[in-house]
file final-v3.tsv (TSV, C-alpha atoms)
chain	number	residue	atom	x	y	z
A	171	MET	CA	-37.09	-56.30	-34.71
A	172	SER	CA	-38.53	-53.48	-32.64
A	173	LEU	CA	-36.32	-50.93	-30.96
A	174	ILE	CA	-37.47	-52.07	-27.52
A	175	LYS	CA	-36.54	-55.71	-28.23
A	176	PHE	CA	-33.16	-54.61	-29.64
A	177	ARG	CA	-32.35	-52.61	-26.51
A	178	THR	CA	-33.48	-55.51	-24.30
A	179	LEU	CA	-31.09	-57.89	-26.09
A	180	ARG	CA	-28.20	-55.42	-25.69
A	181	ILE	CA	-28.89	-55.06	-21.98
A	182	ARG	CA	-28.99	-58.86	-21.55
A	183	LYS	CA	-25.76	-59.24	-23.45
A	184	LEU	CA	-24.10	-56.57	-21.26
A	185	LEU	CA	-25.31	-58.28	-18.09
A	186	HIS	CA	-23.93	-61.59	-19.37
A	187	ILE	CA	-20.52	-60.02	-19.95
A	188	ILE	CA	-20.54	-58.50	-16.46
A	189	LYS	CA	-21.40	-61.86	-14.86
A	190	SER	CA	-18.90	-63.85	-16.93
A	191	LYS	CA	-16.00	-61.40	-16.51
A	192	PRO	CA	-16.40	-59.77	-13.07
A	193	VAL	CA	-12.71	-58.91	-12.62
A	194	GLU	CA	-12.34	-57.20	-15.99
A	195	THR	CA	-15.66	-55.39	-15.54
A	196	SER	CA	-14.71	-54.11	-12.07
A	197	PHE	CA	-11.40	-52.82	-13.42
A	198	VAL	CA	-13.06	-50.92	-16.28
A	199	ILE	CA	-15.70	-49.38	-13.98
A	200	SER	CA	-13.05	-48.34	-11.45
A	201	LEU	CA	-10.96	-46.77	-14.19
A	202	ILE	CA	-13.92	-44.77	-15.50
A	203	LEU	CA	-14.89	-43.56	-12.02
A	204	ALA	CA	-11.30	-42.63	-11.14
A	205	THR	CA	-11.11	-40.56	-14.31
A	206	LEU	CA	-14.49	-38.84	-14.32
A	207	LEU	CA	-15.36	-38.25	-10.67
A	208	PRO	CA	-12.43	-35.94	-9.84
A	209	LEU	CA	-13.28	-33.81	-12.87
A	210	ARG	CA	-16.74	-33.21	-11.44
A	211	CYS	CA	-15.78	-32.89	-7.78
A	212	PRO	CA	-12.45	-31.33	-6.72
A	213	THR	CA	-12.76	-32.77	-3.22
A	214	CYS	CA	-12.56	-36.31	-4.60
A	215	ARG	CA	-8.79	-36.04	-4.88
A	216	GLY	CA	-8.54	-36.59	-1.15
A	217	TYR	CA	-6.45	-33.66	0.04
A	218	ASP	CA	-7.08	-31.83	3.31
A	219	TYR	CA	-8.51	-28.31	3.27
A	220	LEU	CA	-10.25	-25.81	5.51
A	221	ASN	CA	-13.78	-24.62	4.83
A	222	LEU	CA	-15.00	-21.04	5.00
A	223	LYS	CA	-15.97	-21.23	8.69
A	224	GLU	CA	-12.45	-22.36	9.65
A	225	ILE	CA	-10.58	-19.61	7.81
A	226	LYS	CA	-10.72	-16.98	10.57
A	227	ASP	CA	-8.98	-19.30	13.04
A	228	ASP	CA	-6.33	-20.14	10.44
A	229	LEU	CA	-5.34	-16.58	9.55
A	230	GLN	CA	-2.41	-15.10	11.45
A	231	MET	CA	-2.69	-11.64	12.97
A	232	CYS	CA	0.21	-9.17	13.09
A	233	LEU	CA	-1.15	-5.70	13.69
A	234	VAL	CA	0.31	-2.90	11.63
A	235	THR	CA	2.12	-0.65	14.08
A	236	ARG	CA	1.95	2.50	11.97
A	237	ARG	CA	-1.83	2.86	12.45
A	238	PRO	CA	-3.16	5.04	15.30
A	239	PRO	CA	-4.04	2.96	18.40
A	240	ASP	CA	-7.62	4.25	18.52
A	241	PHE	CA	-8.47	2.77	15.11
A	242	LYS	CA	-10.83	-0.17	15.12
A	243	LEU	CA	-9.65	-3.43	13.63
A	244	CYS	CA	-10.76	-4.25	10.09
A	245	PRO	CA	-12.78	-7.48	9.74
A	246	MET	CA	-10.76	-10.53	8.76
A	247	LEU	CA	-13.57	-11.80	6.57
A	248	SER	CA	-16.13	-9.17	5.71
A	249	PRO	CA	-19.71	-10.45	5.21
A	250	GLU	CA	-19.88	-8.09	2.23
A	251	LEU	CA	-17.47	-10.23	0.22
A	252	ALA	CA	-19.21	-12.28	-2.45
A	253	PRO	CA	-18.34	-15.99	-2.86
A	254	PHE	CA	-17.56	-15.53	-6.56
A	255	LYS	CA	-16.83	-12.76	-9.03
A	256	HIS	CA	-16.30	-12.63	-12.76
A	257	VAL	CA	-12.63	-12.17	-13.62
A	258	ASN	CA	-12.18	-9.50	-16.26
A	259	VAL	CA	-9.45	-10.70	-18.61
A	260	LYS	CA	-9.94	-7.83	-21.05
A	261	LEU	CA	-7.83	-4.75	-20.50
A	262	ASN	CA	-9.65	-1.52	-19.72
A	263	ALA	CA	-6.91	1.01	-20.48
A	264	THR	CA	-8.99	3.96	-19.29
A	265	PHE	CA	-9.76	2.38	-15.93
A	266	LEU	CA	-6.13	1.33	-15.51
A	267	LYS	CA	-4.97	4.91	-16.10
A	268	GLU	CA	-7.52	6.38	-13.71
A	269	MET	CA	-7.06	3.68	-11.04
A	270	PRO	CA	-4.39	5.42	-8.88
A	271	GLU	CA	-6.62	8.46	-8.36
A	272	LYS	CA	-9.98	6.68	-8.16
A	273	LEU	CA	-8.75	4.01	-5.73
A	274	GLU	CA	-6.39	6.38	-3.87
A	275	ILE	CA	-3.39	4.14	-4.45
A	276	GLN	CA	-0.14	5.53	-3.12
A	277	SER	CA	3.12	5.68	-5.04
A	278	GLY	CA	4.72	2.26	-5.45
A	279	GLY	CA	1.39	0.41	-5.39
A	280	ARG	CA	0.70	0.87	-1.66
A	281	TRP	CA	-2.72	1.12	-0.07
A	282	PHE	CA	-4.27	0.82	3.38
A	283	PRO	CA	-7.83	1.30	4.68
A	284	LYS	CA	-8.58	4.72	6.12
A	285	HIS	CA	-11.28	3.86	8.66
A	286	CYS	CA	-9.92	0.71	10.28
A	287	SER	CA	-6.59	-0.93	11.03
A	288	SER	CA	-5.69	-3.93	8.90
A	289	TRP	CA	-4.81	-7.13	10.73
A	290	GLN	CA	-1.84	-7.86	8.45
A	291	ARG	CA	0.48	-5.91	6.17
A	292	VAL	CA	0.88	-7.97	3.02
A	293	ALA	CA	3.56	-7.83	0.32
A	294	ILE	CA	2.46	-9.20	-3.06
A	295	ILE	CA	5.63	-10.32	-4.84
A	296	VAL	CA	5.46	-11.05	-8.58
A	297	PRO	CA	8.35	-12.49	-10.66
A	298	TYR	CA	8.26	-10.88	-14.08
A	299	ARG	CA	9.77	-10.51	-17.51
A	300	ASN	CA	8.18	-9.54	-20.85
A	301	ARG	CA	4.53	-10.06	-19.88
A	302	GLU	CA	3.25	-6.50	-20.26
A	303	MET	CA	-0.36	-7.35	-21.11
A	304	HIS	CA	-0.58	-9.91	-18.31
A	305	LEU	CA	0.81	-7.37	-15.86
A	306	LYS	CA	-1.77	-4.75	-16.82
A	307	ILE	CA	-4.65	-7.22	-16.46
A	308	PHE	CA	-3.19	-8.44	-13.17
A	309	LEU	CA	-3.05	-4.91	-11.73
A	310	GLN	CA	-6.51	-4.08	-13.07
A	311	ASN	CA	-7.97	-7.02	-11.13
A	312	MET	CA	-5.80	-7.18	-8.03
A	313	HIS	CA	-6.02	-3.65	-6.66
A	314	PRO	CA	-9.85	-3.66	-6.37
A	315	PHE	CA	-9.72	-7.27	-5.10
A	316	LEU	CA	-7.25	-6.46	-2.30
A	317	GLN	CA	-8.96	-3.23	-1.30
A	318	ALA	CA	-12.31	-5.01	-0.92
A	319	GLN	CA	-10.61	-7.16	1.74
A	320	LYS	CA	-9.41	-4.00	3.55
A	321	LEU	CA	-5.80	-5.10	3.48
A	322	ASP	CA	-2.73	-2.99	4.07
A	323	TYR	CA	-0.68	-4.07	1.05
A	324	GLY	CA	2.02	-3.28	-1.47
A	325	ILE	CA	2.66	-4.81	-4.90
A	326	PHE	CA	6.27	-5.53	-5.88
A	327	ILE	CA	7.11	-6.49	-9.46
A	328	ILE	CA	10.54	-8.11	-9.51
A	329	GLU	CA	11.69	-7.87	-13.11
A	330	GLN	CA	14.62	-9.89	-14.41
A	331	SER	CA	16.96	-8.40	-16.98
A	332	ASP	CA	17.48	-10.18	-20.31
A	333	LYS	CA	21.00	-11.46	-19.59
A	334	HIS	CA	20.12	-14.94	-18.34
A	335	ASP	CA	17.38	-17.58	-18.44
A	336	PHE	CA	14.42	-16.75	-16.24
A	337	ASN	CA	14.89	-17.72	-12.58
A	338	ARG	CA	11.52	-17.55	-10.85
A	339	GLY	CA	12.70	-18.83	-7.47
A	340	LYS	CA	15.57	-16.37	-7.19
A	341	LEU	CA	13.32	-13.47	-8.19
A	342	LEU	CA	10.92	-14.38	-5.39
A	343	ASN	CA	13.81	-14.51	-2.91
A	344	ILE	CA	14.90	-11.06	-4.07
A	345	GLY	CA	11.36	-9.75	-3.72
A	346	TYR	CA	11.16	-11.06	-0.18
A	347	VAL	CA	14.46	-9.43	0.82
A	348	GLU	CA	13.60	-6.07	-0.78
A	349	ALA	CA	10.05	-5.95	0.62
A	350	SER	CA	11.38	-6.86	4.08
A	351	LYS	CA	13.37	-3.63	4.10
A	352	GLU	CA	10.09	-1.78	4.63
A	353	PRO	CA	8.51	-1.83	8.10
A	354	ASP	CA	5.63	-4.06	9.12
A	355	PHE	CA	5.34	-6.46	6.17
A	356	CYS	CA	4.60	-9.71	7.95
A	357	CYS	CA	2.94	-11.74	5.19
A	358	PHE	CA	4.46	-12.44	1.79
A	359	ILE	CA	2.39	-13.74	-1.10
A	360	PHE	CA	4.42	-15.06	-4.02
A	361	HIS	CA	2.22	-14.63	-7.05
A	362	ASP	CA	2.55	-15.53	-10.75
A	363	VAL	CA	1.43	-12.67	-12.99
A	364	ASP	CA	-0.90	-14.85	-15.06
A	365	LEU	CA	-3.11	-16.07	-12.19
A	366	LEU	CA	-6.22	-14.24	-11.00
A	367	PRO	CA	-8.42	-15.20	-8.01
A	368	GLU	CA	-12.10	-15.83	-8.64
A	369	SER	CA	-13.40	-15.72	-5.06
A	370	PRO	CA	-13.38	-12.41	-3.12
A	371	GLN	CA	-13.61	-14.54	0.03
A	372	HIS	CA	-10.14	-15.88	-0.62
A	373	ILE	CA	-8.37	-13.68	1.91
A	374	TYR	CA	-4.86	-12.62	0.95
A	375	GLY	CA	-3.26	-13.22	4.32
A	376	CYS	CA	-0.96	-15.77	5.90
A	377	SER	CA	-1.99	-18.98	7.65
A	378	GLU	CA	-0.66	-21.09	10.49
A	379	GLU	CA	1.18	-23.12	7.85
A	380	PRO	CA	2.55	-22.11	4.40
A	381	ARG	CA	-0.49	-21.92	2.14
A	382	HIS	CA	-0.96	-23.11	-1.41
A	383	MET	CA	-3.55	-20.61	-2.55
A	384	CYS	CA	-4.33	-21.69	-6.12
A	385	SER	CA	-5.23	-25.34	-5.57
A	386	ALA	CA	-8.24	-25.08	-7.93
A	387	LEU	CA	-7.07	-23.83	-11.34
A	388	ASP	CA	-9.41	-23.48	-14.29
A	389	ILE	CA	-6.91	-25.16	-16.66
A	390	PHE	CA	-7.12	-28.27	-14.43
A	391	ARG	CA	-10.95	-28.05	-14.27
A	392	TYR	CA	-10.54	-26.75	-10.71
A	393	VAL	CA	-9.01	-30.04	-9.59
A	394	LEU	CA	-5.70	-30.37	-7.77
A	395	PRO	CA	-3.66	-32.64	-10.10
A	396	TYR	CA	-1.49	-34.04	-7.29
A	397	PRO	CA	-1.13	-33.20	-3.57
A	398	GLU	CA	2.56	-32.27	-3.91
A	399	LEU	CA	1.76	-29.37	-6.23
A	400	PHE	CA	2.89	-26.14	-4.55
A	401	GLY	CA	3.20	-23.47	-7.22
A	402	GLY	CA	1.45	-20.48	-8.72
A	403	VAL	CA	0.39	-18.52	-5.64
A	404	THR	CA	1.72	-19.24	-2.14
A	405	ALA	CA	1.64	-17.38	1.18
A	406	PHE	CA	4.38	-17.36	3.84
A	407	THR	CA	5.02	-15.55	7.08
A	408	LYS	CA	8.57	-14.34	7.69
A	409	GLU	CA	9.22	-17.18	10.10
A	410	GLN	CA	7.95	-19.82	7.67
A	411	PHE	CA	9.95	-18.51	4.70
A	412	THR	CA	13.22	-18.14	6.60
A	413	THR	CA	12.78	-21.61	8.12
A	414	VAL	CA	13.02	-23.20	4.66
A	415	ASN	CA	15.72	-20.71	3.55
A	416	GLY	CA	13.42	-19.43	0.80
A	417	TYR	CA	13.51	-20.84	-2.72
A	418	SER	CA	16.52	-22.46	-4.34
A	419	ASN	CA	18.54	-20.04	-6.50
A	420	GLU	CA	19.68	-22.74	-8.90
A	421	TYR	CA	16.70	-23.19	-11.24
A	422	PHE	CA	17.27	-21.23	-14.43
A	423	GLY	CA	14.57	-21.88	-17.02
A	424	TRP	CA	11.10	-23.33	-16.46
A	425	GLY	CA	10.20	-25.94	-13.88
A	426	ALA	CA	10.91	-27.71	-10.57
A	427	GLU	CA	11.62	-24.75	-8.26
A	428	ASP	CA	8.16	-25.27	-6.72
A	429	ASP	CA	8.79	-28.99	-6.24
A	430	ASP	CA	12.08	-28.10	-4.58
A	431	LEU	CA	10.22	-25.75	-2.21
A	432	TYR	CA	7.73	-28.50	-1.37
A	433	ASP	CA	10.64	-30.77	-0.43
A	434	ARG	CA	12.00	-28.02	1.82
A	435	LEU	CA	8.70	-27.85	3.67
A	436	ASN	CA	8.80	-31.60	4.27
A	437	VAL	CA	12.38	-31.54	5.52
A	438	LYS	CA	11.59	-28.69	7.93
A	439	GLN	CA	8.35	-30.46	8.98
A	440	LEU	CA	6.04	-27.72	7.75
A	441	LYS	CA	2.67	-28.81	6.39
A	442	VAL	CA	0.94	-27.33	3.36
A	443	ARG	CA	-2.27	-25.48	4.14
A	444	ARG	CA	-5.08	-25.35	1.59
A	445	TRP	CA	-8.57	-23.85	1.67
A	446	ALA	CA	-11.73	-25.30	0.17
A	447	PRO	CA	-11.74	-25.65	-3.64
A	448	GLU	CA	-14.67	-23.26	-4.06
A	449	ILE	CA	-12.59	-20.56	-2.33
A	450	SER	CA	-9.29	-21.39	-4.04
A	451	ARG	CA	-10.46	-21.01	-7.63
A	452	TYR	CA	-8.11	-19.17	-10.02
A	453	LYS	CA	-8.16	-18.28	-13.68
A	454	MET	CA	-4.95	-18.54	-15.69
A	455	LEU	CA	-4.28	-16.06	-18.47
A	456	PHE	CA	-3.26	-17.69	-21.74
A	457	HIS	CA	0.45	-17.77	-22.55
A	458	SER	CA	2.81	-19.89	-24.62
A	459	LYS	CA	4.73	-22.62	-22.83
A	460	GLU	CA	8.19	-21.77	-21.54
A	461	VAL	CA	11.33	-23.73	-22.41
A	462	PRO	CA	11.94	-26.32	-19.65
A	463	ASN	CA	15.19	-26.44	-17.75
A	464	PRO	CA	16.84	-29.67	-19.02
A	465	ASP	CA	18.77	-30.05	-15.75
A	466	ARG	CA	15.80	-29.50	-13.43
A	467	PHE	CA	15.37	-33.15	-12.39
A	468	ASN	CA	19.04	-33.54	-11.53
A	469	LEU	CA	18.87	-30.37	-9.43
A	470	LEU	CA	15.74	-31.61	-7.72
A	471	LYS	CA	17.31	-34.95	-6.76
A	472	LYS	CA	20.01	-33.15	-4.75
A	473	GLY	CA	17.77	-30.32	-3.55
A	474	LYS	CA	17.34	-31.58	0.01
A	475	GLN	CA	21.11	-31.58	0.47
A	476	ARG	CA	21.31	-27.87	-0.39
A	477	ILE	CA	18.52	-26.50	1.79
A	478	ASP	CA	20.74	-24.70	4.29
A	479	THR	CA	23.28	-23.48	1.73
A	480	ASP	CA	21.11	-22.59	-1.27
A	481	GLY	CA	18.45	-19.93	-0.88
A	482	LEU	CA	18.17	-16.74	1.14
A	483	SER	CA	21.48	-17.51	2.80
A	484	SER	CA	23.32	-17.56	-0.55
A	485	LEU	CA	21.36	-14.87	-2.40
A	486	HIS	CA	23.47	-12.66	-4.67
A	487	TYR	CA	22.02	-10.15	-7.12
A	488	LYS	CA	22.37	-6.61	-8.42
A	489	ILE	CA	19.60	-4.03	-8.49
A	490	LEU	CA	19.66	-2.17	-11.80
A	491	LYS	CA	16.71	0.15	-11.12
A	492	THR	CA	14.01	0.74	-8.53
A	493	GLU	CA	10.92	2.75	-9.46
A	494	LEU	CA	7.91	3.69	-7.35
A	495	LEU	CA	5.32	3.64	-10.11
A	496	PRO	CA	1.64	4.59	-9.64
A	497	LEU	CA	0.41	0.98	-9.41
A	498	TYR	CA	3.44	-0.98	-8.22
A	499	THR	CA	7.07	-0.94	-7.19
A	500	ARG	CA	9.30	-2.03	-10.05
A	501	ILE	CA	12.64	-3.58	-9.13
A	502	LEU	CA	14.80	-4.47	-12.14
A	503	VAL	CA	17.54	-6.94	-11.26
A	504	ASP	CA	20.45	-8.88	-12.64
A	505	VAL	CA	20.10	-12.30	-11.02
A	506	LYS	CA	23.61	-13.41	-11.89
A	507	PRO	CA	25.96	-10.42	-11.78
A	508	GLU	CA	29.59	-10.94	-12.74

call {"tool": "encode", "arguments": {"input": "final-v3.tsv", "output": "structure tokens"}}
result
Amino acid sequence: MSLIKFRTLRIRKLLHIIKSKPVETSFVISLILATLLPLRCPTCRGYDYLNLKEIKDDLQMCLVTRRPPDFKLCPMLSPELAPFKHVNVKLNATFLKEMPEKLEIQSGGRWFPKHCSSWQRVAIIVPYRNREMHLKIFLQNMHPFLQAQKLDYGIFIIEQSDKHDFNRGKLLNIGYVEASKEPDFCCFIFHDVDLLPESPQHIYGCSEEPRHMCSALDIFRYVLPYPELFGGVTAFTKEQFTTVNGYSNEYFGWGAEDDDLYDRLNVKQLKVRRWAPEISRYKMLFHSKEVPNPDRFNLLKKGKQRIDTDGLSSLHYKILKTELLPLYTRILVDVKPE
């Protein structure tokens, strides 16, 4: 039998199966499409997002008062910003050492543009413990990234002492409170140390609604796994963050503090803002999985009942050390002092 005849018989047999079992065939085809299409096209998940042209109208302006009044305003979205850049995940120790002088970074990881006035002053708040290599790669990438956007910014590394299980949500609350003690910070970006943005056009500023910035992660093939995901990198104005009373302070160990925050947004009738997948692309640095909090689901079930009593309003911590280092402000804390 020739190859052509063999293929013809197989095609006829397949068509016969399709005609004789239409329900089963439709189910199989639907299952295949539902699995494969989202992996090729992030927009197929069906969540709302803003495209590049809509970003300017979404960004919130709060002029930095410490700039001279005759300064011109920096562009919100410079046409010089490329749509994509290669993320350097290899440490360049020489560049990292020379960065404060070359990039004119001020003590504590502060920087502002010299020839225009930034439209927001942004605090980058990073929860941290025992990720030294990740931190160095993060700083190596983020300072040039933020300066290209002509932002007035400061980087705060909130480091937890070794006494208790890691509490990401509480560290972010602490970072917000400590950064708020400085004048003019009006946008707060809560940022995991192992996530790096791939698009220079992804402006690090705050939106009309709380923004989920890393909705297209490389480990998920740049697809949002589920619409309720609200972790990794998020942006809040002061008003937005205080409205939800910040993060819960109760989640020690890995997991669920982001889901709790998402529930808080729903209760307070705040919507999640996302930008287009091609803008919101992030690369995650490799790390071993953390130990999950075994009580996280029980905490999450009762989370909505604790919104007004658990968070910024109940925050208790002890600062062990504050250092204004060349590339960042280090705040070492005990999250559960006796």

call {"tool": "closest_residue", "arguments": {"input": "final-v3.tsv", "among": "A:Ser369, A:Ser385, A:Asn463, A:Ser331", "to": "A:Gly402", "atoms": "all atoms listed in the file"}}
result
A:Ser385

call {"tool": "residues_near_point", "arguments": {"input": "final-v3.tsv", "point": "(-4.6, -19.3, -2.0)", "cutoff": "12 Å", "atoms": "all atoms listed in the file", "output": "ChimeraX atom specification"}}
result
/A:219-220,225,229,358-362,365-377,380-387,400-406,442-452

call {"tool": "atom_distance", "arguments": {"input": "final-v3.tsv", "atom1": "atom CA of A:Pro245", "atom2": "atom CA of A:Gln310"}}
result
23.9 Å

call {"tool": "atom_distance", "arguments": {"input": "final-v3.tsv", "atom1": "atom CA of A:Met246", "atom2": "atom CA of A:Thr407"}}
result
16.6 Å

call {"tool": "closest_residue", "arguments": {"input": "final-v3.tsv", "among": "A:Glu348, A:Asn337, A:Glu268, A:Leu455", "to": "A:Met303", "atoms": "all atoms listed in the file"}}
result
A:Leu455

call {"tool": "residues_around", "arguments": {"input": "final-v3.tsv", "residues": "stretch 435-437 of chain A", "least_positions_apart": "4", "cutoff": "12 Å", "atoms": "only C-alpha atoms", "output": "list in words"}}
result
Glu379, Pro380, Arg381, His382, Glu398, Phe400, Phe406, Gln410, Phe411, Thr412, Thr413, Val414, Asn415, Gly416, Tyr417, Asp428, Asp429, Asp430, Leu431, Lys441, Val442, Arg443, Gly473, Lys474, Gln475, Arg476, Ile477 and Asp478 of chain A
